>>> print(open('coords_0.tsv').read())   # TSV, C-alpha atoms and all ligand atoms
chain	number	residue	atom	x	y	z
A	27	MET	CA	-2.13	104.15	124.80
A	28	SER	CA	-4.39	107.17	124.33
A	29	GLN	CA	-5.06	109.35	127.34
A	30	LEU	CA	-8.79	109.29	126.68
A	31	ASN	CA	-10.57	106.70	124.60
A	32	ILE	CA	-14.24	107.18	123.77
A	33	VAL	CA	-15.77	103.96	122.53
A	34	GLN	CA	-19.11	103.58	120.73
A	35	LEU	CA	-20.82	106.21	122.84
A	36	THR	CA	-24.56	106.48	122.31
A	37	LYS	CA	-26.98	108.88	123.97
A	38	SER	CA	-30.64	109.80	123.46
A	39	PHE	CA	-32.84	112.33	125.22
A	40	GLY	CA	-36.33	110.84	124.93
A	41	PRO	CA	-36.93	110.13	121.25
A	42	THR	CA	-34.00	112.32	120.11
A	43	GLN	CA	-30.82	110.38	119.42
A	44	VAL	CA	-28.01	112.85	120.09
A	45	LEU	CA	-24.86	110.70	119.90
A	46	ARG	CA	-24.62	107.71	117.55
A	47	ALA	CA	-21.79	105.30	118.28
A	48	VAL	CA	-19.12	107.97	118.75
A	49	ASP	CA	-15.49	106.78	118.74
A	50	LEU	CA	-12.67	109.19	119.53
A	51	ARG	CA	-9.13	108.89	120.85
A	52	VAL	CA	-7.52	111.86	122.55
A	53	GLU	CA	-3.73	111.90	122.94
A	54	ARG	CA	-1.92	113.22	126.01
A	55	GLY	CA	-1.16	116.93	125.80
A	56	GLU	CA	-2.98	117.63	122.56
A	57	PHE	CA	-5.40	120.43	121.78
A	58	ILE	CA	-8.36	118.72	120.16
A	59	THR	CA	-11.51	120.53	119.07
A	60	LEU	CA	-15.00	119.09	118.69
A	61	LEU	CA	-16.38	121.13	115.79
A	62	GLY	CA	-19.94	120.90	114.56
A	63	PRO	CA	-23.11	122.88	113.94
A	64	SER	CA	-25.41	123.87	116.78
A	65	GLY	CA	-27.29	120.88	118.22
A	66	CYS	CA	-24.98	118.17	116.79
A	67	GLY	CA	-24.17	116.77	120.26
A	68	LYS	CA	-20.82	118.42	121.13
A	69	THR	CA	-21.81	119.61	124.60
A	70	THR	CA	-23.46	116.28	125.39
A	71	LEU	CA	-20.22	114.47	124.53
A	72	LEU	CA	-18.22	116.87	126.72
A	73	ARG	CA	-20.65	116.44	129.63
A	74	ILE	CA	-20.38	112.66	129.39
A	75	ILE	CA	-16.56	112.90	129.50
A	76	ALA	CA	-16.86	115.22	132.52
A	77	GLY	CA	-19.23	112.83	134.31
A	78	LEU	CA	-22.15	115.27	134.31
A	79	GLU	CA	-24.21	113.02	132.03
A	80	SER	CA	-24.35	109.23	131.55
A	81	PRO	CA	-24.31	107.55	128.13
A	82	ASP	CA	-26.89	104.94	127.14
A	83	GLN	CA	-24.16	102.73	125.71
A	84	GLY	CA	-20.43	102.77	125.19
A	85	ASP	CA	-17.49	103.60	127.41
A	86	VAL	CA	-15.03	106.35	128.32
A	87	LEU	CA	-11.55	105.10	129.20
A	88	ALA	CA	-8.78	107.17	130.76
A	89	ASP	CA	-5.38	105.49	130.39
A	90	ASP	CA	-7.25	102.32	129.40
A	91	ILE	CA	-9.45	102.22	132.53
A	92	SER	CA	-13.17	102.96	132.38
A	93	ILE	CA	-14.12	106.12	134.26
A	94	LEU	CA	-17.87	105.85	133.78
A	95	GLY	CA	-18.28	104.66	137.36
A	96	THR	CA	-16.04	107.45	138.72
A	97	ASP	CA	-17.64	110.54	140.24
A	98	ALA	CA	-17.24	113.78	138.26
A	99	LYS	CA	-15.15	115.36	141.03
A	100	ASP	CA	-12.72	112.43	141.09
A	101	ARG	CA	-12.01	112.34	137.33
A	102	ASN	CA	-9.17	114.89	137.49
A	103	LEU	CA	-10.83	116.90	134.72
A	104	ALA	CA	-11.93	120.50	134.84
A	105	MET	CA	-14.62	122.12	132.73
A	106	VAL	CA	-14.99	125.74	131.61
A	107	PHE	CA	-18.59	126.53	130.77
A	108	GLN	CA	-19.85	128.84	128.04
A	109	ASN	CA	-21.43	131.25	130.58
A	110	TYR	CA	-18.37	130.93	132.92
A	111	ALA	CA	-20.62	129.93	135.89
A	112	LEU	CA	-18.87	132.28	138.34
A	113	TYR	CA	-20.38	132.87	141.78
A	114	PRO	CA	-21.48	136.53	141.79
A	115	HIS	CA	-21.06	137.02	145.55
A	116	LEU	CA	-17.49	135.64	145.64
A	117	THR	CA	-14.39	137.65	144.73
A	118	VAL	CA	-12.10	136.67	141.87
A	119	ALA	CA	-9.70	135.04	144.38
A	120	GLN	CA	-12.52	133.09	146.03
A	121	ASN	CA	-13.94	131.97	142.67
A	122	ILE	CA	-10.56	130.74	141.46
A	123	GLY	CA	-9.76	129.10	144.81
A	124	LEU	CA	-13.13	127.40	145.18
A	125	PRO	CA	-12.09	123.91	143.92
A	126	LEU	CA	-9.13	123.99	146.33
A	127	THR	CA	-11.26	125.19	149.23
A	128	MET	CA	-13.77	122.39	148.63
A	129	ARG	CA	-11.08	119.74	148.37
A	130	ARG	CA	-8.96	120.93	151.26
A	131	LEU	CA	-11.90	121.39	153.59
A	132	THR	CA	-12.18	117.61	153.80
A	133	ARG	CA	-8.48	117.32	154.56
A	134	LEU	CA	-8.74	120.11	157.10
A	135	GLN	CA	-11.44	118.27	158.98
A	136	ARG	CA	-9.19	115.20	159.16
A	137	MET	CA	-6.13	117.13	160.30
A	138	ALA	CA	-7.89	119.46	162.75
A	139	GLY	CA	-8.17	116.72	165.34
A	140	ARG	CA	-4.37	116.32	165.39
A	141	PHE	CA	-3.03	119.89	165.14
A	142	GLY	CA	-5.90	122.12	166.32
A	143	ILE	CA	-8.34	123.85	164.00
A	144	SER	CA	-6.92	127.38	163.88
A	145	ARG	CA	-3.30	126.48	163.02
A	146	THR	CA	-4.38	124.05	160.29
A	147	ALA	CA	-6.92	126.48	158.83
A	148	ARG	CA	-4.27	129.23	158.62
A	149	GLU	CA	-1.86	126.89	156.82
A	150	VAL	CA	-4.53	125.76	154.32
A	151	ARG	CA	-5.56	129.37	153.63
A	152	ARG	CA	-1.93	130.30	152.96
A	153	GLN	CA	-1.48	127.44	150.49
A	154	ILE	CA	-4.69	128.23	148.65
A	155	SER	CA	-3.82	131.89	148.36
A	156	ALA	CA	-0.36	131.00	146.96
A	157	ASP	CA	-1.89	128.67	144.35
A	158	VAL	CA	-4.57	131.23	143.38
A	159	GLY	CA	-1.90	133.94	143.05
A	160	ARG	CA	0.24	131.75	140.78
A	161	VAL	CA	-2.66	130.93	138.44
A	162	ALA	CA	-3.99	134.51	138.44
A	163	ASP	CA	-0.53	135.86	137.54
A	164	SER	CA	-0.20	133.43	134.65
A	165	LEU	CA	-3.57	134.68	133.33
A	166	GLN	CA	-2.66	138.33	134.02
A	167	ILE	CA	-5.51	138.93	136.44
A	168	GLY	CA	-3.35	139.11	139.59
A	169	SER	CA	-4.44	142.72	140.21
A	170	LEU	CA	-8.15	141.85	140.14
A	171	LEU	CA	-8.27	139.32	142.95
A	172	ASN	CA	-10.49	141.38	145.25
A	173	ARG	CA	-13.10	142.31	142.63
A	174	LEU	CA	-16.52	140.72	142.20
A	175	PRO	CA	-17.46	139.19	138.81
A	176	SER	CA	-19.86	142.10	138.16
A	177	GLN	CA	-16.86	144.46	138.24
A	178	LEU	CA	-15.06	142.62	135.42
A	179	SER	CA	-15.14	142.78	131.62
A	180	GLY	CA	-16.22	139.70	129.62
A	181	GLY	CA	-12.61	138.79	128.84
A	182	GLN	CA	-11.59	139.09	132.49
A	183	ARG	CA	-14.50	136.89	133.60
A	184	GLN	CA	-13.46	134.35	131.04
A	185	ARG	CA	-9.94	134.30	132.51
A	186	VAL	CA	-11.33	133.82	136.01
A	187	ALA	CA	-13.31	130.81	134.77
A	188	LEU	CA	-10.13	129.47	133.16
A	189	GLY	CA	-8.20	130.12	136.37
A	190	ARG	CA	-10.73	128.18	138.41
A	191	ALA	CA	-10.36	125.26	136.00
A	192	MET	CA	-6.53	125.41	135.94
A	193	VAL	CA	-5.92	125.80	139.68
A	194	ARG	CA	-6.13	122.08	140.42
A	195	ASN	CA	-3.68	121.23	137.60
A	196	PRO	CA	-6.19	118.95	135.89
A	197	ARG	CA	-4.85	116.42	133.41
A	198	ILE	CA	-7.65	117.30	130.98
A	199	LEU	CA	-9.37	120.65	130.51
A	200	LEU	CA	-12.83	120.60	128.89
A	201	LEU	CA	-13.81	123.93	127.31
A	202	ASP	CA	-17.39	124.42	126.13
A	203	GLU	CA	-17.49	127.36	123.69
A	204	PRO	CA	-15.58	129.56	126.16
A	205	LEU	CA	-15.07	132.38	123.65
A	206	SER	CA	-18.60	132.73	122.35
A	207	ASN	CA	-19.63	135.52	124.75
A	208	LEU	CA	-16.71	137.76	123.84
A	209	ASP	CA	-16.67	140.46	121.18
A	210	ALA	CA	-14.95	139.65	117.90
A	211	GLN	CA	-11.64	141.40	118.66
A	212	LEU	CA	-11.25	139.89	122.13
A	213	ARG	CA	-12.16	136.48	120.76
A	214	VAL	CA	-9.24	136.62	118.33
A	215	HIS	CA	-6.92	137.76	121.14
A	216	MET	CA	-8.11	135.00	123.52
A	217	ARG	CA	-7.39	132.36	120.87
A	218	MET	CA	-3.71	133.25	121.13
A	219	GLU	CA	-3.90	133.27	124.93
A	220	LEU	CA	-5.55	129.87	125.06
A	221	THR	CA	-2.96	128.28	122.80
A	222	ALA	CA	-0.20	129.83	124.92
A	223	LEU	CA	-1.89	128.52	128.09
A	224	HIS	CA	-2.14	125.09	126.51
A	225	ARG	CA	1.58	125.08	125.70
A	226	GLN	CA	2.58	126.31	129.18
A	227	SER	CA	0.33	123.95	131.12
A	228	GLY	CA	1.05	120.75	129.18
A	229	ALA	CA	-2.56	119.70	129.89
A	230	THR	CA	-4.82	118.10	127.32
A	231	PHE	CA	-7.43	120.56	126.02
A	232	ILE	CA	-10.76	119.36	124.61
A	233	PHE	CA	-12.41	122.41	123.12
A	234	VAL	CA	-15.97	122.62	121.81
A	235	THR	CA	-17.01	125.16	119.21
A	236	HIS	CA	-19.19	125.65	116.16
A	237	ASP	CA	-16.80	128.35	114.93
A	238	GLN	CA	-14.45	126.87	112.38
A	239	SER	CA	-11.92	129.71	112.47
A	240	GLU	CA	-11.47	129.06	116.21
A	241	ALA	CA	-11.04	125.37	115.50
A	242	MET	CA	-8.66	125.90	112.58
A	243	THR	CA	-6.39	128.38	114.39
A	244	MET	CA	-6.00	126.65	117.76
A	245	SER	CA	-6.23	122.89	117.33
A	246	ASP	CA	-3.68	120.17	116.85
A	247	ARG	CA	-6.57	118.04	115.57
A	248	ILE	CA	-10.25	118.64	114.90
A	249	ALA	CA	-13.06	116.10	115.27
A	250	VAL	CA	-15.93	117.16	113.03
A	251	ILE	CA	-19.23	116.08	114.59
A	252	LEU	CA	-22.23	115.97	112.27
A	253	ASN	CA	-25.59	114.55	113.33
A	254	GLY	CA	-24.19	112.93	116.46
A	255	ARG	CA	-21.40	111.13	114.60
A	256	VAL	CA	-17.70	111.78	114.27
A	257	ALA	CA	-17.49	112.54	110.57
A	258	GLN	CA	-13.69	112.96	110.46
A	259	VAL	CA	-10.76	113.54	112.80
A	260	ALA	CA	-7.74	115.26	111.26
A	261	THR	CA	-5.35	118.19	111.48
A	262	PRO	CA	-6.84	121.52	110.36
A	263	GLY	CA	-4.86	121.47	107.08
A	264	GLU	CA	-5.81	117.88	106.30
A	265	LEU	CA	-9.47	118.57	106.98
A	266	TYR	CA	-9.49	121.52	104.59
A	267	ASP	CA	-7.49	119.86	101.81
A	268	ASN	CA	-8.67	116.27	102.17
A	269	PRO	CA	-12.20	116.11	103.56
A	270	ALA	CA	-13.44	112.52	103.81
A	271	SER	CA	-17.00	113.34	102.76
A	272	LEU	CA	-19.01	116.01	100.99
A	273	ASP	CA	-20.62	116.98	104.32
A	274	VAL	CA	-17.21	117.70	105.86
A	275	ALA	CA	-16.03	119.51	102.71
A	276	GLN	CA	-19.10	121.74	102.85
A	277	PHE	CA	-18.92	122.36	106.60
A	278	VAL	CA	-15.23	123.35	106.66
A	279	GLY	CA	-14.12	126.49	104.80
A	280	THR	CA	-15.55	129.97	104.29
A	281	PRO	CA	-16.95	130.69	101.80
A	282	LYS	CA	-18.34	127.20	101.36
A	283	ILE	CA	-16.67	124.90	98.85
A	284	ASN	CA	-18.27	125.05	95.38
A	285	SER	CA	-20.06	121.86	94.42
A	286	ILE	CA	-21.43	120.80	91.05
A	287	ASP	CA	-23.36	117.66	90.03
A	288	THR	CA	-21.39	116.22	87.14
A	289	HIS	CA	-20.68	113.03	85.25
A	290	ILE	CA	-17.55	111.59	83.73
A	291	GLY	CA	-17.27	111.82	79.96
A	292	PRO	CA	-15.89	109.01	77.72
A	293	ASP	CA	-12.60	110.90	77.32
A	294	GLY	CA	-12.14	111.20	81.11
A	295	TRP	CA	-13.29	114.81	81.30
A	296	LEU	CA	-15.62	116.06	83.99
A	297	LEU	CA	-18.87	117.16	82.35
A	298	PHE	CA	-21.60	119.46	83.66
A	299	LYS	CA	-24.76	119.01	81.57
A	300	ASN	CA	-22.49	117.64	78.80
A	301	GLN	CA	-20.35	120.76	78.91
A	302	PRO	CA	-16.65	120.03	79.67
A	303	LEU	CA	-15.42	121.46	83.00
A	304	CYS	CA	-11.87	120.12	83.27
A	305	PRO	CA	-9.87	116.95	82.63
A	306	LEU	CA	-9.86	114.52	85.51
A	307	ASN	CA	-6.80	113.98	87.60
A	308	GLY	CA	-6.25	110.20	87.43
A	309	ALA	CA	-8.79	107.40	87.09
A	310	LEU	CA	-10.93	108.15	90.13
A	311	ALA	CA	-14.21	107.36	88.46
A	312	HIS	CA	-15.40	105.51	85.36
A	313	ALA	CA	-16.97	106.97	82.23
A	314	GLY	CA	-20.66	107.72	82.69
A	315	GLN	CA	-20.46	107.77	86.52
A	316	ARG	CA	-22.34	110.57	88.26
A	317	VAL	CA	-20.17	112.38	90.79
A	318	THR	CA	-20.31	115.57	92.79
A	319	ALA	CA	-17.28	117.70	92.00
A	320	ALA	CA	-16.22	120.17	94.69
A	321	ILE	CA	-13.59	122.88	94.43
A	322	ARG	CA	-12.48	125.59	96.86
A	323	PRO	CA	-12.98	129.23	95.73
A	324	GLU	CA	-9.20	129.83	95.53
A	325	HIS	CA	-8.70	126.97	93.07
A	326	ILE	CA	-10.69	128.49	90.23
A	327	VAL	CA	-9.04	131.06	87.98
A	328	LEU	CA	-11.11	133.51	85.92
A	329	THR	CA	-10.00	134.28	82.39
A	330	ARG	CA	-11.12	137.35	80.43
A	331	GLY	CA	-10.80	136.08	76.90
A	332	ILE	CA	-12.51	132.74	76.36
A	333	HIS	CA	-9.68	130.38	75.39
A	334	GLY	CA	-10.18	126.74	74.41
A	335	ASN	CA	-12.31	124.26	76.25
A	336	VAL	CA	-13.20	126.19	79.42
A	337	PRO	CA	-16.70	126.71	80.79
A	338	VAL	CA	-18.07	130.23	80.48
A	339	GLY	CA	-20.16	132.06	83.09
A	340	GLU	CA	-21.55	135.47	83.86
A	341	VAL	CA	-20.35	137.54	86.82
A	342	VAL	CA	-23.40	138.19	89.01
A	343	ALA	CA	-21.74	139.81	92.07
A	344	VAL	CA	-18.34	141.03	93.25
A	345	GLU	CA	-17.60	141.29	96.98
A	346	ASN	CA	-14.52	143.37	97.68
A	347	LEU	CA	-13.16	142.35	101.10
A	348	GLY	CA	-9.98	144.44	100.96
A	349	PRO	CA	-7.07	141.99	100.67
A	350	GLU	CA	-9.22	139.64	98.59
A	351	SER	CA	-12.44	139.64	96.62
A	352	LEU	CA	-15.13	137.05	96.08
A	353	VAL	CA	-16.50	136.93	92.56
A	354	HIS	CA	-19.82	135.13	92.06
A	355	VAL	CA	-20.09	133.55	88.62
A	356	GLN	CA	-23.27	131.98	87.27
A	357	LEU	CA	-22.73	128.95	85.10
A	358	LYS	CA	-25.71	128.42	82.81
A	359	GLY	CA	-27.92	125.62	84.12
A	360	LEU	CA	-26.40	125.53	87.64
A	361	GLY	CA	-28.81	126.39	90.47
A	362	HIS	CA	-26.30	128.55	92.36
A	363	PRO	CA	-23.36	130.78	91.43
A	364	LEU	CA	-19.79	129.52	91.83
A	365	ILE	CA	-17.63	131.62	94.16
A	366	VAL	CA	-14.12	132.47	93.06
A	367	ARG	CA	-11.57	133.99	95.46
A	368	MET	CA	-9.28	136.57	93.86
A	369	ASN	CA	-6.31	138.29	95.45
A	370	GLY	CA	-4.58	141.40	94.23
A	371	GLU	CA	-5.40	144.71	92.65
A	372	GLN	CA	-8.97	145.89	92.46
A	373	SER	CA	-8.33	147.01	88.89
A	374	HIS	CA	-8.02	143.35	87.90
A	375	LEU	CA	-11.51	142.50	89.13
A	376	PRO	CA	-14.23	141.79	86.59
A	377	TYR	CA	-17.52	143.71	86.63
A	378	ARG	CA	-21.04	142.45	87.14
A	379	GLY	CA	-22.41	141.30	83.78
A	380	ASP	CA	-18.96	140.33	82.36
A	381	SER	CA	-18.57	136.99	80.62
A	382	VAL	CA	-15.62	135.07	82.05
A	383	GLY	CA	-13.93	131.74	81.48
A	384	LEU	CA	-13.54	129.44	84.51
A	385	LYS	CA	-10.34	127.39	84.81
A	386	LEU	CA	-10.72	124.68	87.45
A	387	ASP	CA	-7.44	123.27	88.75
A	388	PRO	CA	-7.82	119.49	88.08
A	389	GLN	CA	-5.38	118.70	90.92
A	390	LYS	CA	-7.71	120.44	93.37
A	391	VAL	CA	-11.09	119.11	92.23
A	392	LEU	CA	-12.49	116.73	94.88
A	393	LEU	CA	-14.93	114.03	93.78
A	394	PHE	CA	-17.67	112.44	95.87
A	395	ASP	CA	-19.92	109.51	95.01
A	396	ASP	CA	-23.71	109.56	95.35
A	397	THR	CA	-23.50	108.66	99.07
A	398	GLY	CA	-21.23	111.68	99.68
A	399	ASP	CA	-18.08	109.59	100.24
A	400	ARG	CA	-14.85	110.90	98.81
A	401	LEU	CA	-13.42	109.17	95.73
A	402	THR	CA	-9.65	108.84	96.06
A	403	LEU	CA	-7.00	106.98	94.10
A	501	LIG	P1	-24.70	124.02	120.69
A	501	LIG	O1	-23.52	124.33	119.80
A	501	LIG	O2	-25.94	124.75	120.26
A	501	LIG	O3	-24.40	124.15	122.15
A	501	LIG	P2	-24.34	121.15	120.77
A	501	LIG	O4	-23.72	120.56	119.55
A	501	LIG	O5	-23.43	121.37	121.93
A	501	LIG	O6	-25.09	122.49	120.40
A	501	LIG	P3	-25.95	119.58	122.56
A	501	LIG	O7	-26.05	120.68	123.58
A	501	LIG	O8	-25.09	118.42	122.87
A	501	LIG	O9	-25.53	120.20	121.14
A	501	LIG	O10	-27.45	119.09	122.24
A	501	LIG	C1	-27.70	118.12	121.25
A	501	LIG	C2	-29.20	117.88	121.19
A	501	LIG	O11	-29.64	117.29	122.41
A	501	LIG	C3	-30.03	119.14	121.01
A	501	LIG	O12	-31.07	118.83	120.14
A	501	LIG	C4	-30.54	119.43	122.40
A	501	LIG	O13	-31.78	120.09	122.35
A	501	LIG	C5	-30.67	118.05	122.99
A	501	LIG	N1	-30.46	118.04	124.46
A	501	LIG	C6	-29.32	118.36	125.10
A	501	LIG	N2	-29.46	118.19	126.44
A	501	LIG	C7	-30.73	117.77	126.65
A	501	LIG	C8	-31.51	117.41	127.81
A	501	LIG	N3	-30.95	117.45	129.02
A	501	LIG	N4	-32.77	117.01	127.62
A	501	LIG	C9	-33.31	116.93	126.39
A	501	LIG	N5	-32.64	117.25	125.25
A	501	LIG	C10	-31.37	117.66	125.37
>>> encode(input="coords_0.tsv", output="structure tokens", more="lines below")
Ligand code: ATP
Amino acid sequence: MSQLNIVQLTKSFGPTQVLRAVDLRVERGEFITLLGPSGCGKTTLLRIIAGLESPDQGDVLADDISILGTDAKDRNLAMVFQNYALYPHLTVAQNIGLPLTMRRLTRLQRMAGRFGISRTAREVRRQISADVGRVADSLQIGSLLNRLPSQLSGGQRQRVALGRAMVRNPRILLLDEPLSNLDAQLRVHMRMELTALHRQSGATFIFVTHDQSEAMTMSDRIAVILNGRVAQVATPGELYDNPASLDVAQFVGTPKINSIDTHIGPDGWLLFKNQPLCPLNGALAHAGQRVTAAIRPEHIVLTRGIHGNVPVGEVVAVENLGPESLVHVQLKGLGHPLIVRMNGEQSHLPYRGDSVGLKLDPQKVLLFDDTGDRLTL
């Protein structure tokens, strides 16, 4: 039984269909990321799970029971918003403790009749302060409890927002691009902190981002959302090596995967404008079939001398990134250059204008049919 089961969820805003029959199962304790370009419907999906938005059709089940009729505050979920949504006039301690104060106020009113208001209020305040202290210490903001949000750095505010979400020990934490307002260095640091927090807490994390390096580094699994649909759900490695469609292959990976419109020759070779590219690995497609061949930049090797049956291109740009370089090679007749990733000494890099041979690793060439679906054995 999955902890959360999203079934055929559909949502439109006026004429704009945002979610199209979304299915997704989330397992207890996992870190799952909803990854997709801006506007693909990630936040809408998160808001429906949280109970802040209603779907037009479909269901959200927690432990096999529909929660669509359950109020947001009773779903035992907590959400961290992109802009943190902290109250500017409340201290860090009050911001973190707010969900407890709200919840315990109701209990306080019930108990006050029995024990007297002042004794009960003191006891509740003590409990809240202990819980806030525990969470703040785990996020290393215990020394900032009396500050206002305006007196904090971006990273500290982000931790306060996380603290406020964690303080109730929610079973599921929903995180909507929580790192996007941080500078690049802090973002990388907070990735490590979030994964550590996930491990310590044992809670399920559903994380939304359009940043694939965030998704790839933190997630147990990634759900790629494209045009309001779940295009693929897989581990980061699986998504990179075995994308189910050309759209996923092109969305995941930087620089983008190289793609070439080809057809299969009578001898089983992959041909680009009748020029042989590489032999095919297995009988994925039949002779004459048009296929899109895609290959990651690290799976092409450049050769200086032109040996045998390899395609030849001209180097049009070399980007030296320090530990690696990206060499752009123009194949005659192709509308865009192919990008080749090269590691190692700068002295081994070709120069702009050089003619180079391109060896494509047949084991690593991915083929897609004319609908963009992956061809596999
Ligand atoms: P981003 O990464 O930019 O936050 P997203 O993938 O989270 O994007 P959503 O915020 O879910 O995307 O929005 C999906 C689409 O729905 C967008 O076109 C957006 O303009 C539209 N939309 C979202 N909320 C509403 C609303 N309340 N009313 C009308 N349109 C909305």
>>> residues_near_ligand(input="coords_0.tsv", ligand="ligand LIG 501 (chain A)", cutoff="9 Å", atoms="only C-alpha atoms and all ligand atoms", output="MDAnalysis selection string")
chainID A and resid 37:40 42:45 60:73 79 108 202:203 234:236 251:254
>>> atom_distance(input="coords_0.tsv", atom1="atom CA of Pro281 of chain A", atom2="atom CA of Pro323 of chain A")
7.4 Å
>>> atom_distance(input="coords_0.tsv", atom1="atom CA of Val158 of chain A", atom2="atom CA of Val193 of chain A")
6.7 Å
>>> residues_around(input="coords_0.tsv", residues="Thr59 of chain A", least_positions_apart="2", cutoff="10 Å", atoms="only C-alpha atoms", output="count of residues only")
28
>>> closest_atom_pairs(input="coords_0.tsv", of="segment 75-171 of chain A", to="segment 215-221 of chain A", cutoff="12 Å", atoms="all atoms listed in the file", output="CSV")
residue,atom,partner,partner_atom,distance
A:Ser164,CA,A:Glu219,CA,10.4
A:Leu165,CA,A:Glu219,CA,8.5
A:Gln166,CA,A:Glu219,CA,10.5
>>> closest_residue(input="coords_0.tsv", among="A:Arg330, A:Lys358, A:Arg367, A:Lys299", to="Lys282 of chain A", atoms="all atoms listed in the file")
A:Arg367
>>> atom_distance(input="coords_0.tsv", atom1="atom CA of Ser176 of chain A", atom2="atom CA of Met192 of chain A")
21.5 Å
>>> residues_around(input="coords_0.tsv", residues="Asp293 of chain A", least_positions_apart="2", cutoff="9 Å", atoms="only C-alpha atoms", output="list of chain:residue names")
A:Ile290, A:Gly291, A:Trp295, A:Leu296, A:Pro305, A:Ala313
